[in-house]
Every structure is written in C-alpha cells, then in structure tokens.
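Dropping model.pdb in here (PDB, C-alpha atoms):
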ATOM      1  CA  MET A   1       9.702 -16.150 -42.487
ATOM      2  CA  ILE A   2       9.451 -19.452 -40.659
ATOM      3  CA  ASP A   3       6.637 -21.862 -41.374
ATOM      4  CA  VAL A   4       4.775 -21.978 -38.091
ATOM      5  CA  MET A   5       3.428 -25.436 -38.825
ATOM      6  CA  SER A   6       7.006 -26.671 -38.865
ATOM      7  CA  LEU A   7       7.831 -24.589 -35.772
ATOM      8  CA  LEU A   8       4.899 -26.083 -33.885
ATOM      9  CA  SER A   9       6.075 -29.572 -34.787
ATOM     10  CA  LYS A  10       9.558 -28.756 -33.466
ATOM     11  CA  LEU A  11       8.397 -27.182 -30.210
ATOM     12  CA  ARG A  12       8.426 -29.203 -27.033
ATOM     13  CA  CYS A  13       7.589 -26.414 -24.602
ATOM     14  CA  ILE A  14       5.807 -23.069 -24.385
ATOM     15  CA  THR A  15       6.643 -20.772 -21.478
ATOM     16  CA  VAL A  16       4.303 -17.939 -20.560
ATOM     17  CA  ASP A  17       4.565 -14.795 -18.452
ATOM     18  CA  VAL A  18       1.757 -14.416 -15.900
ATOM     19  CA  THR A  19       0.729 -10.844 -15.018
ATOM     20  CA  GLY A  20      -0.348  -8.929 -18.108
ATOM     21  CA  THR A  21      -0.294 -12.099 -20.207
ATOM     22  CA  LEU A  22      -2.543 -14.608 -18.410
ATOM     23  CA  ILE A  23      -4.034 -12.477 -15.635
ATOM     24  CA  ALA A  24      -4.555  -8.777 -14.878
ATOM     25  CA  TYR A  25      -5.080  -6.658 -11.784
ATOM     26  CA  LYS A  26      -8.659  -5.617 -11.027
ATOM     27  CA  GLY A  27      -9.298  -2.064  -9.871
ATOM     28  CA  GLU A  28      -6.638   0.163  -8.378
ATOM     29  CA  LEU A  29      -4.120  -0.406  -5.621
ATOM     30  CA  GLY A  30      -5.891   2.323  -3.661
ATOM     31  CA  ASP A  31      -9.099   0.266  -3.595
ATOM     32  CA  TYR A  32      -7.432  -2.393  -1.455
ATOM     33  CA  TYR A  33      -5.537   0.070   0.758
ATOM     34  CA  CYS A  34      -8.805   1.980   1.234
ATOM     35  CA  MET A  35     -10.752  -1.159   2.240
ATOM     36  CA  ALA A  36      -8.021  -2.054   4.719
ATOM     37  CA  ALA A  37      -8.024   1.413   6.292
ATOM     38  CA  LYS A  38     -11.833   1.449   6.524
ATOM     39  CA  SER A  39     -11.771  -1.968   8.225
ATOM     40  CA  VAL A  40     -10.057  -0.331  11.227
ATOM     41  CA  GLY A  41     -12.274   2.752  11.151
ATOM     42  CA  LEU A  42      -9.886   5.089   9.324
ATOM     43  CA  PRO A  43     -10.587   7.209   6.248
ATOM     44  CA  CYS A  44      -9.352   6.176   2.821
ATOM     45  CA  PRO A  45      -5.781   7.192   2.051
ATOM     46  CA  ASP A  46      -5.358   9.344  -1.056
ATOM     47  CA  TYR A  47      -5.257   7.001  -4.067
ATOM     48  CA  LYS A  48      -2.631   8.899  -6.031
ATOM     49  CA  ARG A  49      -0.293   9.357  -3.064
ATOM     50  CA  VAL A  50      -0.585   5.676  -2.119
ATOM     51  CA  HIS A  51       0.074   4.591  -5.709
ATOM     52  CA  GLU A  52       3.173   6.794  -5.973
ATOM     53  CA  GLY A  53       4.317   5.745  -2.493
ATOM     54  CA  PHE A  54       3.967   2.086  -3.392
ATOM     55  CA  LYS A  55       5.968   2.471  -6.615
ATOM     56  CA  LEU A  56       8.825   4.104  -4.692
ATOM     57  CA  ALA A  57       8.700   1.596  -1.819
ATOM     58  CA  TYR A  58       8.504  -1.424  -4.144
ATOM     59  CA  THR A  59      11.453  -0.190  -6.211
ATOM     60  CA  ASP A  60      13.502   0.347  -3.036
ATOM     61  CA  MET A  61      12.672  -3.110  -1.675
ATOM     62  CA  ALA A  62      13.382  -4.801  -5.023
ATOM     63  CA  LYS A  63      16.848  -3.200  -5.041
ATOM     64  CA  LYS A  64      17.696  -3.937  -1.407
ATOM     65  CA  TYR A  65      16.081  -7.375  -1.214
ATOM     66  CA  PRO A  66      15.552  -8.711  -4.752
ATOM     67  CA  CYS A  67      13.347 -11.703  -5.504
ATOM     68  CA  PHE A  68      11.175 -10.906  -2.475
ATOM     69  CA  GLY A  69      14.114 -11.306  -0.096
ATOM     70  CA  HIS A  70      15.206 -14.727  -1.381
ATOM     71  CA  ALA A  71      18.978 -14.262  -0.860
ATOM     72  CA  ALA A  72      18.440 -12.697   2.572
ATOM     73  CA  LYS A  73      16.169 -15.623   3.532
ATOM     74  CA  MET A  74      13.562 -13.023   4.441
ATOM     75  CA  PRO A  75      10.078 -14.458   4.980
ATOM     76  CA  ASN A  76       7.624 -13.332   2.310
ATOM     77  CA  ILE A  77       5.324 -11.672   4.834
ATOM     78  CA  VAL A  78       8.223  -9.641   6.288
ATOM     79  CA  TRP A  79       9.244  -8.395   2.817
ATOM     80  CA  TRP A  80       5.715  -7.250   2.089
ATOM     81  CA  LYS A  81       5.245  -5.727   5.548
ATOM     82  CA  MET A  82       8.307  -3.522   5.013
ATOM     83  CA  CYS A  83       7.122  -2.619   1.511
ATOM     84  CA  VAL A  84       3.582  -1.714   2.591
ATOM     85  CA  ARG A  85       4.807   0.194   5.672
ATOM     86  CA  ASN A  86       7.160   2.256   3.486
ATOM     87  CA  SER A  87       4.388   2.769   0.901
ATOM     88  CA  PHE A  88       2.219   4.424   3.538
ATOM     89  CA  ILE A  89       5.095   6.466   4.976
ATOM     90  CA  LYS A  90       6.120   7.751   1.538
ATOM     91  CA  ALA A  91       2.464   8.619   0.927
ATOM     92  CA  GLY A  92       2.390  10.608   4.174
ATOM     93  CA  TYR A  93       0.631   8.093   6.459
ATOM     94  CA  ASP A  94       2.575   6.936   9.513
ATOM     95  CA  TYR A  95       0.194   4.706  11.476
ATOM     96  CA  ASP A  96       0.992   3.412  14.948
ATOM     97  CA  GLU A  97       2.227  -0.176  15.064
ATOM     98  CA  GLU A  98      -1.036  -1.763  16.223
ATOM     99  CA  THR A  99      -3.091   0.068  13.587
ATOM    100  CA  PHE A 100      -0.610  -0.682  10.827
ATOM    101  CA  GLU A 101      -0.526  -4.376  11.758
ATOM    102  CA  LYS A 102      -4.308  -4.640  11.295
ATOM    103  CA  ILE A 103      -4.235  -2.727   8.002
ATOM    104  CA  PHE A 104      -1.306  -4.752   6.695
ATOM    105  CA  ARG A 105      -2.911  -8.107   7.550
ATOM    106  CA  ARG A 106      -5.964  -7.125   5.510
ATOM    107  CA  ILE A 107      -3.843  -6.003   2.529
ATOM    108  CA  TYR A 108      -1.602  -9.085   2.671
ATOM    109  CA  ALA A 109      -4.606 -11.400   2.793
ATOM    110  CA  SER A 110      -6.286  -9.592  -0.129
ATOM    111  CA  PHE A 111      -3.258  -9.911  -2.408
ATOM    112  CA  GLY A 112      -2.797 -13.533  -1.402
ATOM    113  CA  SER A 113      -6.286 -14.362  -2.702
ATOM    114  CA  SER A 114      -7.909 -14.289  -6.123
ATOM    115  CA  ALA A 115      -9.791 -11.054  -5.289
ATOM    116  CA  PRO A 116      -7.470  -8.475  -6.956
ATOM    117  CA  TYR A 117      -6.969 -10.474 -10.161
ATOM    118  CA  SER A 118      -8.938 -11.489 -13.226
ATOM    119  CA  VAL A 119      -8.050 -14.138 -15.799
ATOM    120  CA  PHE A 120      -8.145 -13.179 -19.462
ATOM    121  CA  PRO A 121     -10.852 -15.312 -21.118
ATOM    122  CA  ASP A 122      -8.408 -16.844 -23.610
ATOM    123  CA  SER A 123      -5.824 -17.921 -21.002
ATOM    124  CA  GLN A 124      -7.230 -21.250 -19.853
ATOM    125  CA  PRO A 125      -8.279 -22.402 -23.356
ATOM    126  CA  PHE A 126      -4.842 -21.554 -24.784
ATOM    127  CA  LEU A 127      -2.916 -23.343 -22.026
ATOM    128  CA  ARG A 128      -5.118 -26.422 -22.359
ATOM    129  CA  TRP A 129      -4.768 -26.355 -26.161
ATOM    130  CA  ALA A 130      -0.970 -26.264 -25.866
ATOM    131  CA  ARG A 131      -0.931 -29.210 -23.463
ATOM    132  CA  GLU A 132      -3.347 -31.149 -25.702
ATOM    133  CA  LYS A 133      -0.829 -30.625 -28.519
ATOM    134  CA  GLY A 134       1.678 -32.492 -26.364
ATOM    135  CA  LEU A 135       3.634 -29.399 -25.339
ATOM    136  CA  LEU A 136       4.951 -28.789 -21.857
ATOM    137  CA  VAL A 137       3.653 -25.480 -20.489
ATOM    138  CA  GLY A 138       5.778 -23.502 -18.057
ATOM    139  CA  LEU A 139       5.066 -20.237 -16.260
ATOM    140  CA  VAL A 140       7.932 -17.755 -15.884
ATOM    141  CA  SER A 141       7.108 -14.868 -13.576
ATOM    142  CA  ASN A 142       8.629 -12.272 -11.278
ATOM    143  CA  ALA A 143       6.304 -13.323  -8.488
ATOM    144  CA  GLU A 144       6.353 -14.826  -5.027
ATOM    145  CA  TYR A 145       5.315 -18.282  -3.907
ATOM    146  CA  ARG A 146       1.645 -17.401  -3.372
ATOM    147  CA  TYR A 147       1.126 -17.168  -7.133
ATOM    148  CA  GLN A 148       2.009 -20.837  -7.457
ATOM    149  CA  ASP A 149       0.428 -22.155  -4.268
ATOM    150  CA  VAL A 150      -2.685 -20.015  -3.820
ATOM    151  CA  ILE A 151      -3.493 -17.326  -6.385
ATOM    152  CA  LEU A 152      -3.317 -19.206  -9.693
ATOM    153  CA  PRO A 153      -5.209 -22.271  -8.381
ATOM    154  CA  ALA A 154      -7.877 -19.945  -6.940
ATOM    155  CA  LEU A 155      -8.214 -18.388 -10.405
ATOM    156  CA  GLY A 156      -8.714 -21.797 -12.030
ATOM    157  CA  LEU A 157      -5.204 -22.015 -13.493
ATOM    158  CA  ASP A 158      -4.000 -25.271 -11.980
ATOM    159  CA  GLN A 159      -0.713 -27.072 -12.208
ATOM    160  CA  GLY A 160      -1.419 -30.349 -13.975
ATOM    161  CA  SER A 161      -4.363 -29.131 -16.044
ATOM    162  CA  GLU A 162      -3.299 -25.690 -17.348
ATOM    163  CA  TRP A 163       0.462 -25.738 -16.730
ATOM    164  CA  ASP A 164       3.207 -28.231 -15.964
ATOM    165  CA  PHE A 165       5.901 -26.290 -14.122
ATOM    166  CA  GLY A 166       6.526 -22.822 -12.761
ATOM    167  CA  VAL A 167       9.634 -20.680 -12.437
ATOM    168  CA  PHE A 168       8.805 -17.931  -9.939
ATOM    169  CA  SER A 169      11.474 -15.408  -8.949
ATOM    170  CA  GLY A 170      10.594 -15.503  -5.253
ATOM    171  CA  LEU A 171      11.243 -19.247  -5.182
ATOM    172  CA  GLU A 172      14.267 -19.334  -7.519
ATOM    173  CA  GLY A 173      16.228 -16.261  -6.423
ATOM    174  CA  VAL A 174      16.533 -15.135 -10.057
ATOM    175  CA  GLU A 175      14.248 -12.638 -11.754
ATOM    176  CA  LYS A 176      13.562 -11.342 -15.232
ATOM    177  CA  PRO A 177      15.284  -9.897 -17.231
ATOM    178  CA  ASP A 178      18.152 -12.134 -15.993
ATOM    179  CA  PRO A 179      18.411 -14.788 -18.752
ATOM    180  CA  ARG A 180      19.147 -17.426 -16.111
ATOM    181  CA  ILE A 181      15.433 -17.590 -15.302
ATOM    182  CA  TYR A 182      14.837 -18.843 -18.864
ATOM    183  CA  GLU A 183      17.703 -21.324 -18.567
ATOM    184  CA  ILE A 184      16.022 -22.664 -15.420
ATOM    185  CA  ALA A 185      12.791 -23.042 -17.403
ATOM    186  CA  LEU A 186      14.588 -25.038 -20.106
ATOM    187  CA  GLU A 187      16.089 -27.290 -17.412
ATOM    188  CA  ARG A 188      12.675 -27.702 -15.773
ATOM    189  CA  ALA A 189      11.267 -28.758 -19.156
ATOM    190  CA  GLY A 190      13.772 -31.624 -19.261
ATOM    191  CA  ASN A 191      16.959 -29.891 -20.421
ATOM    192  CA  ILE A 192      15.441 -29.216 -23.826
ATOM    193  CA  ALA A 193      17.262 -27.169 -26.471
ATOM    194  CA  PRO A 194      16.308 -23.464 -26.527
ATOM    195  CA  GLU A 195      15.043 -23.710 -30.115
ATOM    196  CA  GLU A 196      12.490 -26.262 -28.906
ATOM    197  CA  ALA A 197      10.801 -23.629 -26.719
ATOM    198  CA  LEU A 198       8.647 -20.551 -27.331
ATOM    199  CA  HIS A 199       8.204 -17.813 -24.721
ATOM    200  CA  ILE A 200       5.170 -15.517 -24.669
ATOM    201  CA  GLY A 201       5.143 -12.336 -22.589
ATOM    202  CA  ASP A 202       4.211  -8.660 -22.540
ATOM    203  CA  SER A 203       7.592  -6.967 -21.982
ATOM    204  CA  MET A 204      10.366  -6.463 -24.516
ATOM    205  CA  ARG A 205      12.933  -6.015 -21.723
ATOM    206  CA  LYS A 206      11.818  -8.780 -19.377
ATOM    207  CA  ASP A 207      10.356 -11.355 -21.765
ATOM    208  CA  TYR A 208      11.326 -11.055 -25.420
ATOM    209  CA  THR A 209      14.970  -9.935 -25.270
ATOM    210  CA  PRO A 210      16.252 -12.363 -22.600
ATOM    211  CA  ALA A 211      14.303 -15.332 -24.002
ATOM    212  CA  LYS A 212      15.693 -14.687 -27.485
ATOM    213  CA  GLY A 213      19.082 -14.147 -25.892
ATOM    214  CA  VAL A 214      19.244 -17.741 -24.665
ATOM    215  CA  GLY A 215      18.090 -19.025 -28.075
ATOM    216  CA  MET A 216      14.365 -19.493 -27.490
ATOM    217  CA  HIS A 217      11.647 -18.399 -29.904
ATOM    218  CA  ALA A 218       9.650 -15.487 -28.487
ATOM    219  CA  LEU A 219       6.672 -13.268 -29.191
ATOM    220  CA  LEU A 220       4.910 -10.459 -27.369
ATOM    221  CA  LEU A 221       1.303  -9.785 -26.417
ATOM    222  CA  ASP A 222      -0.058  -6.257 -26.525
ATOM    223  CA  ARG A 223      -3.343  -6.643 -24.644
ATOM    224  CA  PHE A 224      -3.574  -3.000 -23.559
ATOM    225  CA  LYS A 225      -2.577  -1.198 -26.777
ATOM    226  CA  THR A 226       0.691   0.071 -25.332
ATOM    227  CA  PRO A 227       2.416   2.858 -27.281
ATOM    228  CA  ASP A 228       5.622   0.763 -27.143
ATOM    229  CA  ALA A 229       4.150  -1.956 -29.353
ATOM    230  CA  GLU A 230       5.016  -0.148 -32.567
ATOM    231  CA  GLU A 231       8.668   0.052 -31.508
ATOM    232  CA  TRP A 232       8.575  -3.641 -30.657
ATOM    233  CA  ARG A 233       7.371  -4.426 -34.174
ATOM    234  CA  LYS A 234       9.993  -2.148 -35.738
ATOM    235  CA  SER A 235      12.696  -4.004 -33.828
ATOM    236  CA  GLY A 236      11.510  -7.263 -35.428
ATOM    237  CA  ALA A 237       9.343  -8.732 -32.680
ATOM    238  CA  VAL A 238       6.118 -10.560 -33.450
ATOM    239  CA  VAL A 239       3.420  -8.683 -31.512
ATOM    240  CA  LEU A 240      -0.124 -10.053 -31.187
ATOM    241  CA  SER A 241      -3.197  -8.809 -29.360
ATOM    242  CA  ASP A 242      -4.192 -11.967 -27.480
ATOM    243  CA  LEU A 243      -3.635 -15.697 -27.050
ATOM    244  CA  VAL A 244      -6.380 -16.525 -29.560
ATOM    245  CA  SER A 245      -4.150 -14.867 -32.172
ATOM    246  CA  VAL A 246      -1.136 -16.851 -30.942
ATOM    247  CA  GLN A 247      -3.064 -20.109 -31.267
ATOM    248  CA  GLU A 248      -4.223 -19.177 -34.771
ATOM    249  CA  LEU A 249      -0.707 -18.178 -35.753
ATOM    250  CA  LEU A 250       0.775 -21.435 -34.499
ATOM    251  CA  THR A 251      -1.988 -23.447 -36.146
ATOM    252  CA  PHE A 252      -2.345 -21.744 -39.539
ATOM    253  CA  GLY A 253       0.147 -18.953 -40.077
ATOM    254  CA  THR A 254       3.731 -17.908 -40.491
ATOM    255  CA  LEU A 255       6.007 -16.334 -37.932
ATOM    256  CA  THR A 256       8.738 -13.812 -38.563
ATOM    257  CA  CYS A 257      11.739 -14.608 -36.389
TER     258      CYS A 257
END

Target encoding structure tokens, full file:
Amino acid sequence: MIDVMSLLSKLRCITVDVTGTLIAYKGELGDYYCMAAKSVGLPCPDYKRVHEGFKLAYTDMAKKYPCFGHAAKMPNIVWWKMCVRNSFIKAGYDYDEETFEKIFRRIYASFGSSAPYSVFPDSQPFLRWAREKGLLVGLVSNAEYRYQDVILPALGLDQGSEWDFGVFSGLEGVEKPDPRIYEIALERAGNIAPEEALHIGDSMRKDYTPAKGVGMHALLLDRFKTPDAEEWRKSGAVVLSDLVSVQELLTFGTLTC
C-alpha cells in the first residue's frame, strides 16, 4: 500500500483519457446517420447494419491509415469521408456521389460539434480540483484535432481552465496503446519523471498497462460496470467508479500500486 497523501504530494501531473473517462457518446451512431439521411429525403438506414458497417470500416481505416491518416498527411475530412463511405457500403447502402456528399457533410459536422457528446458531471470539478492543487493536467486521447480545437471547448472543458496540455493521436502520429504517447505527455509536462505522474483511463490495454509500462502511476475508471473490471482488479489495478472517488482517494485514502 502507498500512502496517497504522500503520493499526491509527489505528483506533478495527472493525465486523463477523454472518451469514457471525461465524456461519453449520446445516443447511437444510427441516430446521426439517420438524421443525415432524412435531411436529403432518404429513409433511415438500418441501425444495426450501420453500426456493424462502421465498426468494420473504422477498423480497416485505422489499420491502413493510423492516427487519422497522420503519416500519410491525409486531411482529417478525407479520412472520415472514406470511413463513412465504407461504413455505408458495408451496411449495404451505396449512395450516388452527390447524395453521399450531402449526407457525409451532415455527419461530419455533427461529430465535429458538441451534439453527440455529454460530459460526466464530475469531470470539470475534478480537473479544476487537480489544477487548484498545483498539478498539471494533460489529456491523452486517441482522437483527432477537433477534440482539442472544437469539441472539448464546446463542452465546457477548456484548455487553461480545465486542462493544460493535450496529446491527441491525430496530431501526434502516435496512438494508445503505444507507450510513446505517454512519453510525449511526460515531455509536454516539462520532462517530469514518470513517478511524478498519474494516468486515469478506462482501458486496461490502452491506458493502464502502457502508462505503468513507462513508470507512471495509473488507475482505471469503471463508469459503465464493465464485466472486465473484476479481471482488472484481480490483476492488481485500482479500479474506481468515478472521478469523485479518485479525488477522495487522493485526498483521504490509500492506493495499492
């Protein structure tokens, strides 16, 4: 057991995952694809087929052009256009170019706004508490530039008031679970030692294991009661239900590392 009061005094930085940790998706993917289709006078695509098509298309694009096409210098909008086009095709919808362009523009605009996301109620208070404690707060996310420039500010999570720096895969060309993304975060925090940083995320593979691998402290959030959480605990991870619990732990408790 490590005395968390002493850990808190030794920390200089907390890094936090974004989706699933600070924010969540609202509704289903099909809701947004349906609205886009209706906007051009077409019926809703089948939700299940679109969801499955998107998973296949996204996986293909992430393999061919990782980090949203960073290495290929592919514009963000082109990466997403290919992904959405292939999502529809795999779902059995092959629209003509003019129709698809209108549908895609609607989808791209939706996911570049705050509309599909909600902020967990404890996110802003926790980030502000950490910064008030004198800690640097960094965001580490497999996400494209619009998270940093548009989406998070629109959700009230602003650089300078809630967080200090961001490490986003689409801007860095490195994505989780590659441990280099955590090394970049440590550099961004002022070349601090790994043991001076704590990472909080919701994935054993993408957050906990690589962060611990570079020497950082780490813990996991289980906001959605995932069946995997019990295995996480058995493997020695600290697993908490929300950021209120993290704040209480860091303020009053002990942490098993």

Have a look at atom CA of A:Asp228 and atom CA of A:Val137 and let me know their distance in Å, one decimal. 27.1 Å

Could you spell out the hits of the PyMOL selection byres ((chain A and resi 115) around 10) on the shown file, as a VMD selection string? chain A and resid 25 to 26 32 109 to 114 116 to 118 151 154 to 155

Same residues, C-alpha atoms, saved as a compact mmCIF listing (two decimals), keeping the file's coordinate frame:
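Writing done, so here's part.txt:
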# COMPACT_ATOMS: atom_id res chain seq x y z
CA TYR A 25 -5.08 -6.66 -11.78
CA LYS A 26 -8.66 -5.62 -11.03
CA TYR A 32 -7.43 -2.39 -1.46
CA ALA A 109 -4.61 -11.40 2.79
CA SER A 110 -6.29 -9.59 -0.13
CA PHE A 111 -3.26 -9.91 -2.41
CA GLY A 112 -2.80 -13.53 -1.40
CA SER A 113 -6.29 -14.36 -2.70
CA SER A 114 -7.91 -14.29 -6.12
CA PRO A 116 -7.47 -8.48 -6.96
CA TYR A 117 -6.97 -10.47 -10.16
CA SER A 118 -8.94 -11.49 -13.23
CA ILE A 151 -3.49 -17.33 -6.38
CA ALA A 154 -7.88 -19.94 -6.94
CA LEU A 155 -8.21 -18.39 -10.40

Contacts of stretch 201-218 of chain A at 8 Å or less, counting only C-alpha atoms, minus same-chain residues fewer than 5 places along, as a PyMOL selection string? chain A and resi 16-18+20-21+176-179+182-183+194-196+232+237-238+257

Can you give me, as a PyMOL selection string, the residues this file yields under the PyMOL selection byres ((chain A and resi 15) around 10)? chain A and resi 13-14+16-18+127+135-141+163-167+182+185-186+189+197-201+211+216+218

On this structure, which residues satisfy the PyMOL selection byres ((chain A and resi 61-67) around 10), written as a ChimeraX atom specification? /A:56-60,68-74,76,79-80,82-83,86,142-144,168-176

With a distance cut-off of 9 Å and all atoms listed in the file, select the neighbouring residues of A:Gln124, excluding the residue or stretch itself and same-chain residues fewer than 4 positions from it, and output the selection as JSON, numbers by chain. {"A": [22, 119, 120, 128, 129, 156, 157, 162]}

Could you add whatever atoms are missing so that stretch 75-95 of chain A carries N, CA and C atoms, then write the result as a PDB file, keeping the file's coordinate frame?
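Below you can see rebuild_26.pdb, which holds the result:
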ATOM      1  N   PRO A  75      11.418 -13.913   5.213  1.00  0.00           N
ATOM      2  CA  PRO A  75      10.078 -14.458   4.980  1.00  0.00           C
ATOM      3  C   PRO A  75       9.253 -13.519   4.107  1.00  0.00           C
ATOM      4  N   ASN A  76       8.435 -14.096   3.251  1.00  0.00           N
ATOM      5  CA  ASN A  76       7.624 -13.332   2.310  1.00  0.00           C
ATOM      6  C   ASN A  76       6.803 -12.253   3.008  1.00  0.00           C
ATOM      7  N   ILE A  77       6.202 -12.611   4.135  1.00  0.00           N
ATOM      8  CA  ILE A  77       5.324 -11.672   4.834  1.00  0.00           C
ATOM      9  C   ILE A  77       6.116 -10.493   5.394  1.00  0.00           C
ATOM     10  N   VAL A  78       7.375 -10.725   5.773  1.00  0.00           N
ATOM     11  CA  VAL A  78       8.223  -9.641   6.288  1.00  0.00           C
ATOM     12  C   VAL A  78       8.581  -8.679   5.156  1.00  0.00           C
ATOM     13  N   TRP A  79       8.917  -9.234   3.978  1.00  0.00           N
ATOM     14  CA  TRP A  79       9.244  -8.395   2.817  1.00  0.00           C
ATOM     15  C   TRP A  79       8.071  -7.475   2.494  1.00  0.00           C
ATOM     16  N   TRP A  80       6.887  -8.045   2.439  1.00  0.00           N
ATOM     17  CA  TRP A  80       5.715  -7.250   2.089  1.00  0.00           C
ATOM     18  C   TRP A  80       5.339  -6.269   3.192  1.00  0.00           C
ATOM     19  N   LYS A  81       5.560  -6.652   4.444  1.00  0.00           N
ATOM     20  CA  LYS A  81       5.245  -5.727   5.548  1.00  0.00           C
ATOM     21  C   LYS A  81       6.112  -4.472   5.453  1.00  0.00           C
ATOM     22  N   MET A  82       7.410  -4.663   5.179  1.00  0.00           N
ATOM     23  CA  MET A  82       8.307  -3.522   5.013  1.00  0.00           C
ATOM     24  C   MET A  82       7.893  -2.673   3.817  1.00  0.00           C
ATOM     25  N   CYS A  83       7.516  -3.331   2.722  1.00  0.00           N
ATOM     26  CA  CYS A  83       7.122  -2.619   1.511  1.00  0.00           C
ATOM     27  C   CYS A  83       5.850  -1.804   1.734  1.00  0.00           C
ATOM     28  N   VAL A  84       4.852  -2.410   2.361  1.00  0.00           N
ATOM     29  CA  VAL A  84       3.582  -1.714   2.591  1.00  0.00           C
ATOM     30  C   VAL A  84       3.756  -0.590   3.606  1.00  0.00           C
ATOM     31  N   ARG A  85       4.520  -0.845   4.671  1.00  0.00           N
ATOM     32  CA  ARG A  85       4.807   0.194   5.672  1.00  0.00           C
ATOM     33  C   ARG A  85       5.445   1.412   5.001  1.00  0.00           C
ATOM     34  N   ASN A  86       6.468   1.155   4.159  1.00  0.00           N
ATOM     35  CA  ASN A  86       7.160   2.256   3.486  1.00  0.00           C
ATOM     36  C   ASN A  86       6.263   2.940   2.451  1.00  0.00           C
ATOM     37  N   SER A  87       5.344   2.174   1.846  1.00  0.00           N
ATOM     38  CA  SER A  87       4.388   2.769   0.901  1.00  0.00           C
ATOM     39  C   SER A  87       3.554   3.829   1.606  1.00  0.00           C
ATOM     40  N   PHE A  88       3.036   3.479   2.778  1.00  0.00           N
ATOM     41  CA  PHE A  88       2.219   4.424   3.538  1.00  0.00           C
ATOM     42  C   PHE A  88       3.043   5.629   3.992  1.00  0.00           C
ATOM     43  N   ILE A  89       4.249   5.371   4.484  1.00  0.00           N
ATOM     44  CA  ILE A  89       5.095   6.466   4.976  1.00  0.00           C
ATOM     45  C   ILE A  89       5.420   7.437   3.842  1.00  0.00           C
ATOM     46  N   LYS A  90       5.799   6.888   2.679  1.00  0.00           N
ATOM     47  CA  LYS A  90       6.120   7.751   1.538  1.00  0.00           C
ATOM     48  C   LYS A  90       4.893   8.510   1.044  1.00  0.00           C
ATOM     49  N   ALA A  91       3.708   7.943   1.311  1.00  0.00           N
ATOM     50  CA  ALA A  91       2.464   8.619   0.927  1.00  0.00           C
ATOM     51  C   ALA A  91       2.008   9.617   1.991  1.00  0.00           C
ATOM     52  N   GLY A  92       2.724   9.645   3.125  1.00  0.00           N
ATOM     53  CA  GLY A  92       2.390  10.608   4.174  1.00  0.00           C
ATOM     54  C   GLY A  92       1.524  10.058   5.288  1.00  0.00           C
ATOM     55  N   TYR A  93       1.445   8.717   5.420  1.00  0.00           N
ATOM     56  CA  TYR A  93       0.631   8.093   6.459  1.00  0.00           C
ATOM     57  C   TYR A  93       1.525   7.230   7.350  1.00  0.00           C
ATOM     58  N   ASP A  94       1.721   7.682   8.590  1.00  0.00           N
ATOM     59  CA  ASP A  94       2.575   6.936   9.513  1.00  0.00           C
ATOM     60  C   ASP A  94       1.711   6.438  10.671  1.00  0.00           C
ATOM     61  N   TYR A  95       1.097   5.266  10.475  1.00  0.00           N
ATOM     62  CA  TYR A  95       0.194   4.706  11.476  1.00  0.00           C
ATOM     63  C   TYR A  95       0.985   4.123  12.651  1.00  0.00           C
TER      64      TYR A  95
END
